[in-house]
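S.K.: Compact mmCIF, C-alpha atoms, saved as protein11.txt, coming up:
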# COMPACT_ATOMS: atom_id res chain seq x y z
CA MET S 1 32.73 -22.61 18.95
CA SER S 2 34.33 -26.06 18.89
CA GLN S 3 35.31 -27.43 15.51
CA GLN S 4 32.78 -30.24 15.74
CA ILE S 5 29.89 -27.86 16.40
CA ALA S 6 31.10 -25.61 13.57
CA ALA S 7 31.17 -28.56 11.17
CA GLN S 8 27.70 -29.58 12.28
CA ALA S 9 26.41 -26.02 11.82
CA MET S 10 27.79 -26.04 8.28
CA TRP S 11 25.96 -29.20 7.32
CA ILE S 12 22.70 -28.08 8.95
CA ALA S 13 22.98 -24.73 7.15
CA ILE S 14 23.68 -26.38 3.79
CA ILE S 15 20.81 -28.86 4.03
CA GLY S 16 18.35 -26.43 5.62
CA THR S 17 19.07 -23.63 3.16
CA SER S 18 18.84 -25.94 0.16
CA ALA S 19 15.54 -27.47 1.30
CA ILE S 20 13.92 -24.08 1.95
CA ALA S 21 15.36 -22.56 -1.25
CA PHE S 22 13.75 -25.32 -3.31
CA ALA S 23 10.47 -25.21 -1.35
CA LEU S 24 10.15 -21.47 -2.02
CA LYS S 25 10.78 -21.91 -5.75
CA TYR S 26 8.35 -24.84 -6.00
CA LEU S 27 5.69 -23.04 -3.99
CA GLY S 28 5.74 -20.14 -6.45
CA HIS S 29 5.23 -22.54 -9.34
CA SER S 30 2.37 -24.27 -7.50
CA ILE S 31 0.07 -21.38 -6.67
CA PRO S 32 -3.07 -22.07 -8.73
CA GLU S 33 -3.36 -19.92 -11.82
CA ARG S 34 -6.89 -18.86 -10.90
CA PHE S 35 -5.37 -16.71 -8.14
CA VAL S 36 -3.53 -14.71 -10.75
CA THR S 37 -6.04 -14.47 -13.58
CA ASN S 38 -8.02 -11.37 -12.68
CA PRO S 39 -6.64 -8.37 -14.60
CA ARG S 40 -5.34 -6.63 -11.52
CA ALA S 41 -3.48 -9.70 -10.18
CA LEU S 42 -2.17 -10.39 -13.66
CA ARG S 43 -0.81 -6.85 -13.95
CA ILE S 44 0.76 -7.00 -10.50
CA ASN S 45 2.32 -10.37 -11.33
CA THR S 46 3.90 -8.85 -14.45
CA LEU S 47 5.24 -5.87 -12.52
CA ILE S 48 6.82 -7.84 -9.64
CA PRO S 49 9.91 -9.07 -11.54
CA ILE S 50 10.43 -5.55 -12.92
CA ALA S 51 10.45 -4.12 -9.40
CA LEU S 52 12.62 -6.91 -7.95
CA LEU S 53 15.21 -6.89 -10.73
CA SER S 54 15.45 -3.09 -10.72
CA ALA S 55 15.92 -3.12 -6.94
CA LEU S 56 18.61 -5.77 -7.38
CA VAL S 57 20.47 -3.53 -9.85
CA GLY S 58 20.33 -0.63 -7.37
CA VAL S 59 21.49 -2.67 -4.41
CA GLN S 60 24.31 -4.36 -6.33
CA THR S 61 25.48 -1.02 -7.72
CA ILE S 62 25.69 1.25 -4.69
CA THR S 63 25.51 -0.85 -1.56
CA ASP S 64 27.92 -3.31 -0.01
CA THR S 65 26.88 -5.44 2.97
CA GLY S 66 24.19 -2.97 3.99
CA LYS S 67 26.22 0.22 3.53
CA TRP S 68 25.97 2.84 0.80
CA ILE S 69 29.19 2.79 -1.17
CA VAL S 70 29.84 4.73 -4.35
CA ASP S 71 32.73 3.18 -6.27
CA GLN S 72 33.77 1.87 -9.69
CA ARG S 73 30.55 -0.17 -9.94
CA LEU S 74 28.41 2.96 -10.35
CA ALA S 75 30.60 4.16 -13.22
CA GLY S 76 30.39 0.73 -14.86
CA VAL S 77 26.60 0.60 -14.60
CA ALA S 78 26.33 4.22 -15.84
CA VAL S 79 28.29 3.25 -18.94
CA ALA S 80 25.97 0.24 -19.38
CA LEU S 81 23.00 2.62 -19.19
CA ILE S 82 24.50 4.79 -21.93
CA ALA S 83 25.16 1.69 -24.04
CA LEU S 84 21.53 0.61 -23.59
CA ALA S 85 20.26 4.06 -24.54
CA LEU S 86 22.38 3.81 -27.72
CA LYS S 87 20.79 0.40 -28.43
CA ALA S 88 24.07 -1.48 -28.13
CA PRO S 89 23.90 -5.30 -28.25
CA TYR S 90 23.56 -7.06 -24.92
CA PHE S 91 27.13 -8.36 -24.61
CA VAL S 92 28.50 -4.90 -25.41
CA VAL S 93 26.44 -3.51 -22.53
CA VAL S 94 27.85 -6.06 -20.08
CA ILE S 95 31.45 -5.87 -21.29
CA SER S 96 31.53 -2.05 -21.35
CA ALA S 97 30.43 -2.07 -17.70
CA ALA S 98 33.08 -4.63 -16.76
CA VAL S 99 35.91 -2.83 -18.58
CA THR S 100 34.97 0.57 -17.11
CA SER S 101 34.78 -0.84 -13.62
CA ALA S 102 38.02 -2.83 -13.92
CA ILE S 103 39.98 0.17 -15.22
CA LEU S 104 38.69 2.43 -12.44
CA TYR S 105 39.35 -0.26 -9.84
CA ARG S 106 42.98 -0.31 -10.88
CA PHE S 107 43.35 3.46 -10.50
CA ILE S 108 41.35 4.22 -7.33
CA MET G 1 14.93 -20.61 -31.33
CA LEU G 2 15.66 -16.94 -31.97
CA ARG G 3 19.30 -15.99 -32.21
CA THR G 4 18.90 -12.96 -29.95
CA THR G 5 17.33 -15.15 -27.26
CA ALA G 6 20.15 -17.69 -27.49
CA THR G 7 22.88 -15.02 -27.47
CA GLN G 8 21.38 -13.26 -24.50
CA SER G 9 20.89 -16.50 -22.56
CA LEU G 10 24.48 -17.53 -23.12
CA SER G 11 25.97 -14.11 -22.30
CA VAL G 12 24.02 -14.01 -19.05
CA SER G 13 24.93 -17.60 -18.18
CA PHE G 14 28.62 -17.04 -18.73
CA THR G 15 28.85 -13.66 -16.98
CA VAL G 16 26.95 -14.80 -13.93
CA GLY G 17 28.62 -18.22 -13.99
CA LEU G 18 32.01 -16.53 -13.67
CA TYR G 19 30.89 -15.18 -10.33
CA GLY G 20 30.72 -18.79 -9.16
CA THR G 21 34.50 -18.56 -8.90
CA ALA G 22 34.13 -15.85 -6.26
CA PHE G 23 31.60 -17.96 -4.40
CA GLY G 24 33.82 -21.04 -4.49
CA ALA G 25 36.74 -19.03 -3.14
CA ALA G 26 34.59 -17.30 -0.49
CA GLY G 27 33.28 -20.66 0.71
CA ILE G 28 36.76 -22.09 1.15
CA ALA G 29 37.91 -18.91 2.91
CA ALA G 30 34.95 -19.27 5.32
CA GLY G 31 36.13 -22.76 6.26
CA PHE G 32 33.83 -24.92 4.14
CA SER G 33 35.20 -27.96 2.34
CA ILE G 34 35.27 -28.25 -1.46
CA VAL G 35 32.42 -30.79 -1.33
CA GLN G 36 30.30 -28.52 0.86
CA VAL G 37 30.87 -25.50 -1.37
CA CYS G 38 29.92 -27.51 -4.46
CA LEU G 39 26.82 -28.93 -2.77
CA LEU G 40 25.61 -25.42 -1.98
CA SER G 41 25.86 -24.49 -5.64
CA LEU G 42 24.23 -27.72 -6.83
CA LEU G 43 21.40 -27.85 -4.29
CA THR G 44 20.69 -24.30 -3.12
CA PHE G 45 21.45 -22.79 -6.53
CA SER G 46 20.71 -19.20 -5.62
CA GLY G 47 23.79 -16.99 -5.53
CA ALA G 48 22.73 -14.47 -2.90
CA SER G 49 21.49 -17.19 -0.54
CA GLN G 50 24.74 -19.12 -0.94
CA PHE G 51 26.90 -16.09 -0.20
CA ALA G 52 24.72 -15.49 2.88
CA VAL G 53 25.32 -19.02 4.20
CA VAL G 54 29.10 -18.89 3.91
CA GLY G 55 29.15 -15.27 5.10
CA VAL G 56 27.10 -15.90 8.25
CA ILE G 57 28.79 -19.21 9.18
CA GLY G 58 32.22 -17.80 8.32
CA ALA G 59 31.58 -14.90 10.72
CA GLY G 60 30.78 -17.40 13.46
CA GLY G 61 26.98 -17.21 13.11
CA SER G 62 24.63 -20.09 13.93
CA ALA G 63 23.06 -22.47 11.43
CA ILE G 64 19.65 -20.94 12.21
CA SER G 65 20.73 -17.38 11.39
CA ALA G 66 22.46 -18.63 8.24
CA ILE G 67 19.30 -20.44 7.12
CA THR G 68 17.05 -17.48 7.97
CA THR G 69 19.15 -14.94 6.08
CA ALA G 70 19.55 -17.23 3.09
CA SER G 71 15.82 -17.98 3.02
CA LEU G 72 14.86 -14.30 3.10
CA LEU G 73 17.04 -13.88 0.04
CA GLY G 74 15.34 -16.88 -1.58
CA ILE G 75 11.78 -15.55 -1.28
CA ARG G 76 12.04 -13.66 -4.54
CA ASN G 77 12.62 -16.92 -6.42
CA GLY G 78 9.15 -17.94 -5.24
CA LEU G 79 7.74 -14.71 -6.68
CA TYR G 80 9.53 -15.46 -9.96
CA GLY G 81 7.94 -18.94 -9.92
CA LEU G 82 4.56 -17.30 -9.61
CA ARG G 83 5.31 -15.27 -12.73
CA MET G 84 6.83 -18.14 -14.73
CA ALA G 85 4.28 -20.89 -13.96
CA PRO G 86 1.51 -19.65 -16.30
CA ILE G 87 4.07 -19.16 -19.08
CA LEU G 88 5.72 -22.58 -18.72
CA GLN G 89 2.58 -24.63 -17.88
CA LEU G 90 4.42 -27.62 -16.41
CA ARG G 91 3.69 -30.67 -14.28
CA GLY G 92 5.57 -33.46 -12.53
CA ILE G 93 9.31 -33.75 -12.94
CA LYS G 94 9.56 -30.88 -15.45
CA LYS G 95 7.99 -28.59 -12.87
CA VAL G 96 10.52 -29.76 -10.28
CA ILE G 97 13.39 -29.04 -12.66
CA ALA G 98 11.94 -25.67 -13.67
CA ALA G 99 11.55 -24.73 -10.01
CA GLN G 100 15.20 -25.53 -9.28
CA VAL G 101 16.39 -23.22 -12.10
CA THR G 102 13.93 -20.40 -11.28
CA ILE G 103 16.30 -17.57 -10.40
CA ASP G 104 16.93 -13.89 -11.23
CA GLU G 105 18.64 -14.69 -14.52
CA SER G 106 16.23 -17.24 -16.03
CA THR G 107 13.23 -15.07 -15.13
CA GLY G 108 14.99 -11.93 -16.33
CA VAL G 109 15.82 -13.36 -19.75
CA ALA G 110 12.30 -14.81 -20.05
CA ILE G 111 10.52 -11.52 -19.41
CA GLY G 112 13.04 -9.76 -21.66
CA GLN G 113 11.74 -11.91 -24.58
CA GLU G 114 8.10 -10.89 -24.16
CA GLU G 115 8.02 -8.93 -27.42
CA HIS G 116 9.15 -12.08 -29.30
CA GLY G 117 6.29 -14.20 -28.01
CA LEU G 118 5.63 -17.04 -25.60
CA ASP G 119 7.99 -19.57 -27.18
CA ALA G 120 10.92 -17.16 -26.97
CA MET G 121 10.11 -16.61 -23.29
CA LYS G 122 10.16 -20.37 -22.66
CA HIS G 123 13.39 -20.85 -24.59
CA GLY G 124 15.00 -17.97 -22.73
CA PHE G 125 13.97 -19.42 -19.38
CA TRP G 126 15.25 -22.95 -20.03
CA LEU G 127 18.44 -22.01 -21.84
CA THR G 128 19.41 -19.48 -19.20
CA GLY G 129 18.33 -21.74 -16.33
CA PHE G 130 20.47 -24.64 -17.56
CA GLY G 131 23.26 -22.35 -18.77
CA VAL G 132 23.65 -20.64 -15.42
CA TYR G 133 23.35 -24.00 -13.63
CA ILE G 134 26.20 -25.49 -15.63
CA PHE G 135 28.53 -22.47 -15.55
CA TRP G 136 27.75 -21.58 -11.93
CA ASN G 137 28.59 -25.08 -10.72
CA LEU G 138 31.64 -25.44 -12.95
CA PHE G 139 33.08 -22.12 -11.81
CA THR G 140 32.22 -22.83 -8.16
CA LEU G 141 34.43 -25.90 -8.38
CA LEU G 142 37.19 -23.99 -10.14
CA GLY G 143 36.96 -21.18 -7.56
CA ALA G 144 37.10 -23.66 -4.70
CA LEU G 145 40.10 -25.39 -6.25
CA GLY G 146 41.92 -22.22 -7.26
CA ALA G 147 40.75 -20.26 -4.21
CA GLN G 148 42.86 -17.13 -4.37
CA ALA G 149 44.51 -17.60 -7.77
CA MET G 150 42.06 -15.21 -9.44
CA GLY G 151 42.18 -12.64 -6.67
CA ASN G 152 39.49 -10.02 -6.27
CA PRO G 153 36.56 -10.24 -8.74
CA SER G 154 36.43 -6.42 -8.68
CA ALA G 155 39.78 -6.33 -10.48
CA TRP G 156 38.04 -8.02 -13.42
CA GLY G 157 35.05 -5.70 -13.38
CA LEU G 158 32.67 -8.49 -12.42
CA ASP G 159 31.20 -6.35 -9.64
CA ALA G 160 29.73 -4.00 -12.26
CA ALA G 161 29.13 -6.62 -14.95
CA VAL G 162 26.49 -8.40 -12.89
CA PRO G 163 24.22 -5.39 -12.16
CA ALA G 164 24.76 -4.26 -15.77
CA ALA G 165 23.64 -7.71 -16.92
CA PHE G 166 20.42 -7.40 -14.88
CA LEU G 167 19.87 -3.84 -16.08
CA GLY G 168 20.12 -5.08 -19.66
CA LEU G 169 17.53 -7.73 -18.88
CA VAL G 170 14.86 -5.40 -17.49
CA TRP G 171 15.61 -2.69 -20.03
CA PRO G 172 13.17 -3.89 -22.74
CA ARG G 173 10.38 -3.79 -20.11
CA LEU G 174 11.17 -0.18 -19.19
CA LEU G 175 10.08 1.53 -22.37
CA GLY G 176 6.83 2.84 -20.90
CA ARG G 177 6.85 5.79 -18.53
CA PHE G 178 4.79 3.78 -16.04
CA GLU G 179 7.25 0.88 -15.85
CA ARG G 180 10.16 3.29 -15.72
CA ALA G 181 8.59 5.09 -12.75
CA LEU G 182 8.18 1.73 -11.02
CA ALA G 183 11.82 0.79 -11.68
CA VAL G 184 13.15 4.11 -10.37
CA SER G 185 10.93 3.86 -7.28
CA ALA G 186 12.07 0.28 -6.67
CA ILE G 187 15.76 1.20 -6.97
CA THR G 188 15.29 4.16 -4.63
CA LEU G 189 13.33 2.22 -2.02
CA ALA G 190 15.75 -0.72 -1.99
CA ILE G 191 18.78 1.55 -1.62
CA LEU G 192 17.16 3.59 1.15
CA LEU G 193 16.18 0.46 3.07
CA SER G 194 19.54 -1.29 2.66
CA PRO G 195 21.26 0.12 5.77
CA LEU G 196 18.09 -0.35 7.84
CA ILE G 197 16.93 -3.92 7.35
CA SER G 198 18.76 -7.20 6.83
CA ALA G 199 20.06 -8.22 3.41
CA GLY G 200 17.41 -9.50 1.04
CA LEU G 201 14.51 -7.65 2.64
CA PRO G 202 15.06 -4.31 0.83
CA ILE G 203 14.65 -6.09 -2.50
CA ILE G 204 11.60 -8.09 -1.40
CA ALA G 205 10.03 -4.91 -0.01
CA THR G 206 9.76 -3.51 -3.54
CA THR G 207 7.08 -6.14 -4.20
CA LEU G 208 4.80 -3.69 -2.36
CA LEU G 209 5.57 -1.06 -5.00
CA ALA G 210 4.64 -3.50 -7.77
CA VAL G 211 1.35 -4.18 -5.97
CA LEU G 212 0.71 -0.46 -5.50
CA PHE G 213 1.51 0.40 -9.13
CA GLY G 214 -0.49 -2.56 -10.46
CA TRP G 215 -3.43 -1.70 -8.24
CA LYS G 216 -3.64 1.91 -9.35
CA ALA G 217 -3.04 1.35 -13.07
CA ARG G 218 -6.10 1.77 -15.28
CA SER G 219 -5.60 -0.21 -18.44
Using structure tokens, write down the structure that the file contains.
M.R.:
Amino acid sequence: MSQQIAAQAMWIAIIGTSAIAFALKYLGHSIPERFVTNPRALRINTLIPIALLSALVGVQTITDTGKWIVDQRLAGVAVALIALALKAPYFVVVISAAVTSAILYRFI
Amino acid sequence: MLRTTATQSLSVSFTVGLYGTAFGAAGIAAGFSIVQVCLLSLLTFSGASQFAVVGVIGAGGSAISAITTASLLGIRNGLYGLRMAPILQLRGIKKVIAAQVTIDESTGVAIGQEEHGLDAMKHGFWLTGFGVYIFWNLFTLLGALGAQAMGNPSAWGLDAAVPAAFLGLVWPRLLGRFERALAVSAITLAILLSPLISAGLPIIATTLLAVLFGWKARS
């Protein structure tokens, strides 16, 4: 790939991605409320972020670029889970995960 | 504003914002200029999509494949918008601004405040949306400037801090057995699908589980 084409691809990717990213966000905000007012749709709409965010936790914890990888992240998140079960404050949950993961990273 | 809402918003903003450093550095390493890296953070403002753009282009991919991958990762922001719109009830320019800051973190903090009422949800959304926006962009610039000074984010435990931060956000919604079953199913499905379909899709696919669970529920 010549440098000029590469530079062009970068700009097209930046502008295209940004335009679509915003359009998707705005579209979600613009779907009329009447489509999500029946009890079933309402319930589904409440459950969607729970499913998506949980999936995100799973993917960020034990996958890396499409491969299953068990490493220090899993230990960090496990410690966070214990902290949550013990009703620790939010920042303690996050920091305990970071510290656990950082220490293990240094030794493995 | 409730203190717990403010504390949580700021912790999330700072933790996730720090990751902007990694993005800034990754962008420079992939051959993007400082201005281009900063524009991605300012305009796209969706971490996973941004990493996809610099990753695909950096590996020699085309603009089209970069845009497609990044957009697949951005679909969930649209689903978050669908959830946030009835809570925020906005029009005009405020709706445009809210849309731009509708991301995992702002939605996560908002739904985490449900027990404290509608106002707390709104406060959580705005404070986290703006907080992440500011920190994410600031740290993107610092990362781009400092490039490799910080080294690997894993050495600082950031790789575990981010999923832990999201886990902490959904946690208050997982008290019921029903929601917990949904969360475990979603995690399992997304992990199983990860090696099979392109990045972003495994997470979006769990929307089907939410539909299935919501459809079958009685109450």
S.K.: Could you please select, counting all atoms listed in the file, the residues of chain G within 7 Å of chain S and state them as a compact mmCIF listing (two decimals) with C-alpha atoms, in the frame of the given file?
M.R.:
# COMPACT_ATOMS: atom_id res chain seq x y z
CA GLN G 8 21.38 -13.26 -24.50
CA SER G 11 25.97 -14.11 -22.30
CA LEU G 40 25.61 -25.42 -1.98
CA LEU G 43 21.40 -27.85 -4.29
CA THR G 44 20.69 -24.30 -3.12
CA VAL G 53 25.32 -19.02 4.20
CA ILE G 57 28.79 -19.21 9.18
CA SER G 62 24.63 -20.09 13.93
CA ALA G 63 23.06 -22.47 11.43
CA ALA G 66 22.46 -18.63 8.24
CA ILE G 67 19.30 -20.44 7.12
CA ALA G 70 19.55 -17.23 3.09
CA SER G 71 15.82 -17.98 3.02
CA GLY G 74 15.34 -16.88 -1.58
CA ILE G 75 11.78 -15.55 -1.28
CA ASN G 77 12.62 -16.92 -6.42
CA GLY G 78 9.15 -17.94 -5.24
CA LEU G 79 7.74 -14.71 -6.68
CA TYR G 80 9.53 -15.46 -9.96
CA GLY G 81 7.94 -18.94 -9.92
CA LEU G 82 4.56 -17.30 -9.61
CA ARG G 83 5.31 -15.27 -12.73
CA ALA G 85 4.28 -20.89 -13.96
CA PRO G 86 1.51 -19.65 -16.30
CA VAL G 96 10.52 -29.76 -10.28
CA ALA G 99 11.55 -24.73 -10.01
CA GLN G 100 15.20 -25.53 -9.28
CA THR G 102 13.93 -20.40 -11.28
CA SER G 154 36.43 -6.42 -8.68
CA ALA G 155 39.78 -6.33 -10.48
CA TRP G 156 38.04 -8.02 -13.42
CA GLY G 157 35.05 -5.70 -13.38
CA LEU G 158 32.67 -8.49 -12.42
CA ASP G 159 31.20 -6.35 -9.64
CA ALA G 160 29.73 -4.00 -12.26
CA ALA G 161 29.13 -6.62 -14.95
CA PRO G 163 24.22 -5.39 -12.16
CA ALA G 164 24.76 -4.26 -15.77
CA ALA G 165 23.64 -7.71 -16.92
CA PHE G 166 20.42 -7.40 -14.88
CA LEU G 167 19.87 -3.84 -16.08
CA GLY G 168 20.12 -5.08 -19.66
CA VAL G 170 14.86 -5.40 -17.49
CA LEU G 182 8.18 1.73 -11.02
CA ALA G 183 11.82 0.79 -11.68
CA ALA G 186 12.07 0.28 -6.67
CA ILE G 187 15.76 1.20 -6.97
CA ALA G 190 15.75 -0.72 -1.99
CA ILE G 191 18.78 1.55 -1.62
CA SER G 194 19.54 -1.29 2.66
CA PRO G 195 21.26 0.12 5.77
CA ALA G 199 20.06 -8.22 3.41
CA ILE G 203 14.65 -6.09 -2.50
CA ILE G 204 11.60 -8.09 -1.40
CA THR G 206 9.76 -3.51 -3.54
CA THR G 207 7.08 -6.14 -4.20
CA ALA G 210 4.64 -3.50 -7.77
CA VAL G 211 1.35 -4.18 -5.97
CA GLY G 214 -0.49 -2.56 -10.46
CA TRP G 215 -3.43 -1.70 -8.24
S.K.: So how many Å separate atom CA of Leu86 of chain S and atom CA of Leu18 of chain G, to one decimal?
M.R.: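 Computed distance, atom CA of Leu86 of chain S to atom CA of Leu18 of chain G, equals 26.5 Å.
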S.K.: Fewer than 5 positions away in the same chain doesn't count, so skip those; otherwise give me all residues within 8 Å of segment 105-121 of chain G, counting all atoms listed in the file, as an NGL selection string.
M.R.: (:S and (49 or 53)) or (:G and (1-2 or 5 or 8-9 or 12-13 or 80 or 84 or 87 or 126-129 or 132 or 166 or 169-173))
S.K.: Using Å and a single decimal, report how far atom CA of Arg34 of chain S sits from atom CA of Phe213 of chain G.
M.R.: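 Going from atom CA of Phe213 of chain G over to atom CA of Arg34 of chain S covers 21.1 Å.
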S.K.: Closest to Ile197 of chain G among G:Leu72, G:Leu10, G:Ala48, G:Leu209, using only C-alpha atoms?
M.R.: G:Leu72
S.K.: Just how far from atom CA of Ser65 of chain G is atom CA of Ser198 of chain G, in Å to one decimal?
M.R.: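 Computing the Euclidean distance for atom CA of Ser198 of chain G and atom CA of Ser65 of chain G yields 11.3 Å.
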S.K.: List as a PyMOL selection string the protein and nucleic acid residues near Leu141 of chain G, meaning an atom at most 12 Å away when only C-alpha atoms are counted, but skip any in the same chain fewer than 2 places from it.
M.R.: chain G and resi 17-28+33-42+134-139+143-147
S.K.: Start from the incomplete input, build N, CA, C and O atoms for segment 37-55 of chain G, and deliver everything as a short mmCIF file (atom, residue, chain, number, x, y, z; two decimals), in the coordinates of the input.
M.R.:
data_model
loop_
_atom_site.label_atom_id
_atom_site.label_comp_id
_atom_site.auth_asym_id
_atom_site.auth_seq_id
_atom_site.Cartn_x
_atom_site.Cartn_y
_atom_site.Cartn_z
N VAL G 37 31.05 -26.67 -0.50
CA VAL G 37 30.87 -25.50 -1.37
C VAL G 37 30.14 -25.91 -2.65
O VAL G 37 29.20 -25.25 -3.09
N CYS G 38 30.55 -27.04 -3.22
CA CYS G 38 29.92 -27.51 -4.46
C CYS G 38 28.47 -27.92 -4.23
O CYS G 38 27.60 -27.68 -5.07
N LEU G 39 28.20 -28.54 -3.07
CA LEU G 39 26.82 -28.93 -2.77
C LEU G 39 25.92 -27.72 -2.66
O LEU G 39 24.77 -27.75 -3.10
N LEU G 40 26.42 -26.64 -2.07
CA LEU G 40 25.61 -25.42 -1.98
C LEU G 40 25.22 -24.92 -3.37
O LEU G 40 24.09 -24.51 -3.61
N SER G 41 26.17 -24.96 -4.29
CA SER G 41 25.86 -24.49 -5.64
C SER G 41 24.91 -25.44 -6.37
O SER G 41 24.02 -25.01 -7.10
N LEU G 42 25.08 -26.74 -6.16
CA LEU G 42 24.23 -27.72 -6.83
C LEU G 42 22.81 -27.73 -6.27
O LEU G 42 21.84 -27.80 -7.02
N LEU G 43 22.70 -27.68 -4.93
CA LEU G 43 21.40 -27.85 -4.29
C LEU G 43 20.67 -26.55 -4.01
O LEU G 43 19.48 -26.42 -4.30
N THR G 44 21.36 -25.57 -3.42
CA THR G 44 20.69 -24.30 -3.12
C THR G 44 20.47 -23.53 -4.42
O THR G 44 19.39 -23.03 -4.68
N PHE G 45 21.48 -23.47 -5.24
CA PHE G 45 21.45 -22.79 -6.53
C PHE G 45 20.71 -21.47 -6.49
O PHE G 45 19.68 -21.27 -7.12
N SER G 46 21.24 -20.55 -5.70
CA SER G 46 20.71 -19.20 -5.62
C SER G 46 21.86 -18.38 -5.04
O SER G 46 22.14 -18.47 -3.85
N GLY G 47 22.54 -17.64 -5.91
CA GLY G 47 23.79 -16.99 -5.53
C GLY G 47 23.75 -16.22 -4.23
O GLY G 47 24.58 -16.47 -3.34
N ALA G 48 22.78 -15.32 -4.09
CA ALA G 48 22.73 -14.47 -2.90
C ALA G 48 22.56 -15.32 -1.64
O ALA G 48 23.22 -15.07 -0.63
N SER G 49 21.71 -16.34 -1.71
CA SER G 49 21.49 -17.19 -0.54
C SER G 49 22.77 -17.93 -0.17
O SER G 49 23.10 -18.09 1.00
N GLN G 50 23.50 -18.38 -1.19
CA GLN G 50 24.74 -19.12 -0.94
C GLN G 50 25.80 -18.24 -0.28
O GLN G 50 26.47 -18.66 0.66
N PHE G 51 25.94 -17.02 -0.79
CA PHE G 51 26.90 -16.09 -0.20
C PHE G 51 26.50 -15.81 1.26
O PHE G 51 27.37 -15.67 2.13
N ALA G 52 25.18 -15.74 1.51
CA ALA G 52 24.72 -15.49 2.88
C ALA G 52 25.12 -16.64 3.80
O ALA G 52 25.59 -16.40 4.92
N VAL G 53 24.97 -17.87 3.35
CA VAL G 53 25.32 -19.02 4.20
C VAL G 53 26.80 -18.99 4.57
O VAL G 53 27.14 -19.05 5.75
N VAL G 54 27.68 -18.86 3.57
CA VAL G 54 29.10 -18.89 3.91
C VAL G 54 29.51 -17.63 4.68
O VAL G 54 30.37 -17.69 5.55
N GLY G 55 28.84 -16.51 4.39
CA GLY G 55 29.15 -15.27 5.10
C GLY G 55 28.80 -15.37 6.58
O GLY G 55 29.60 -15.04 7.45
#
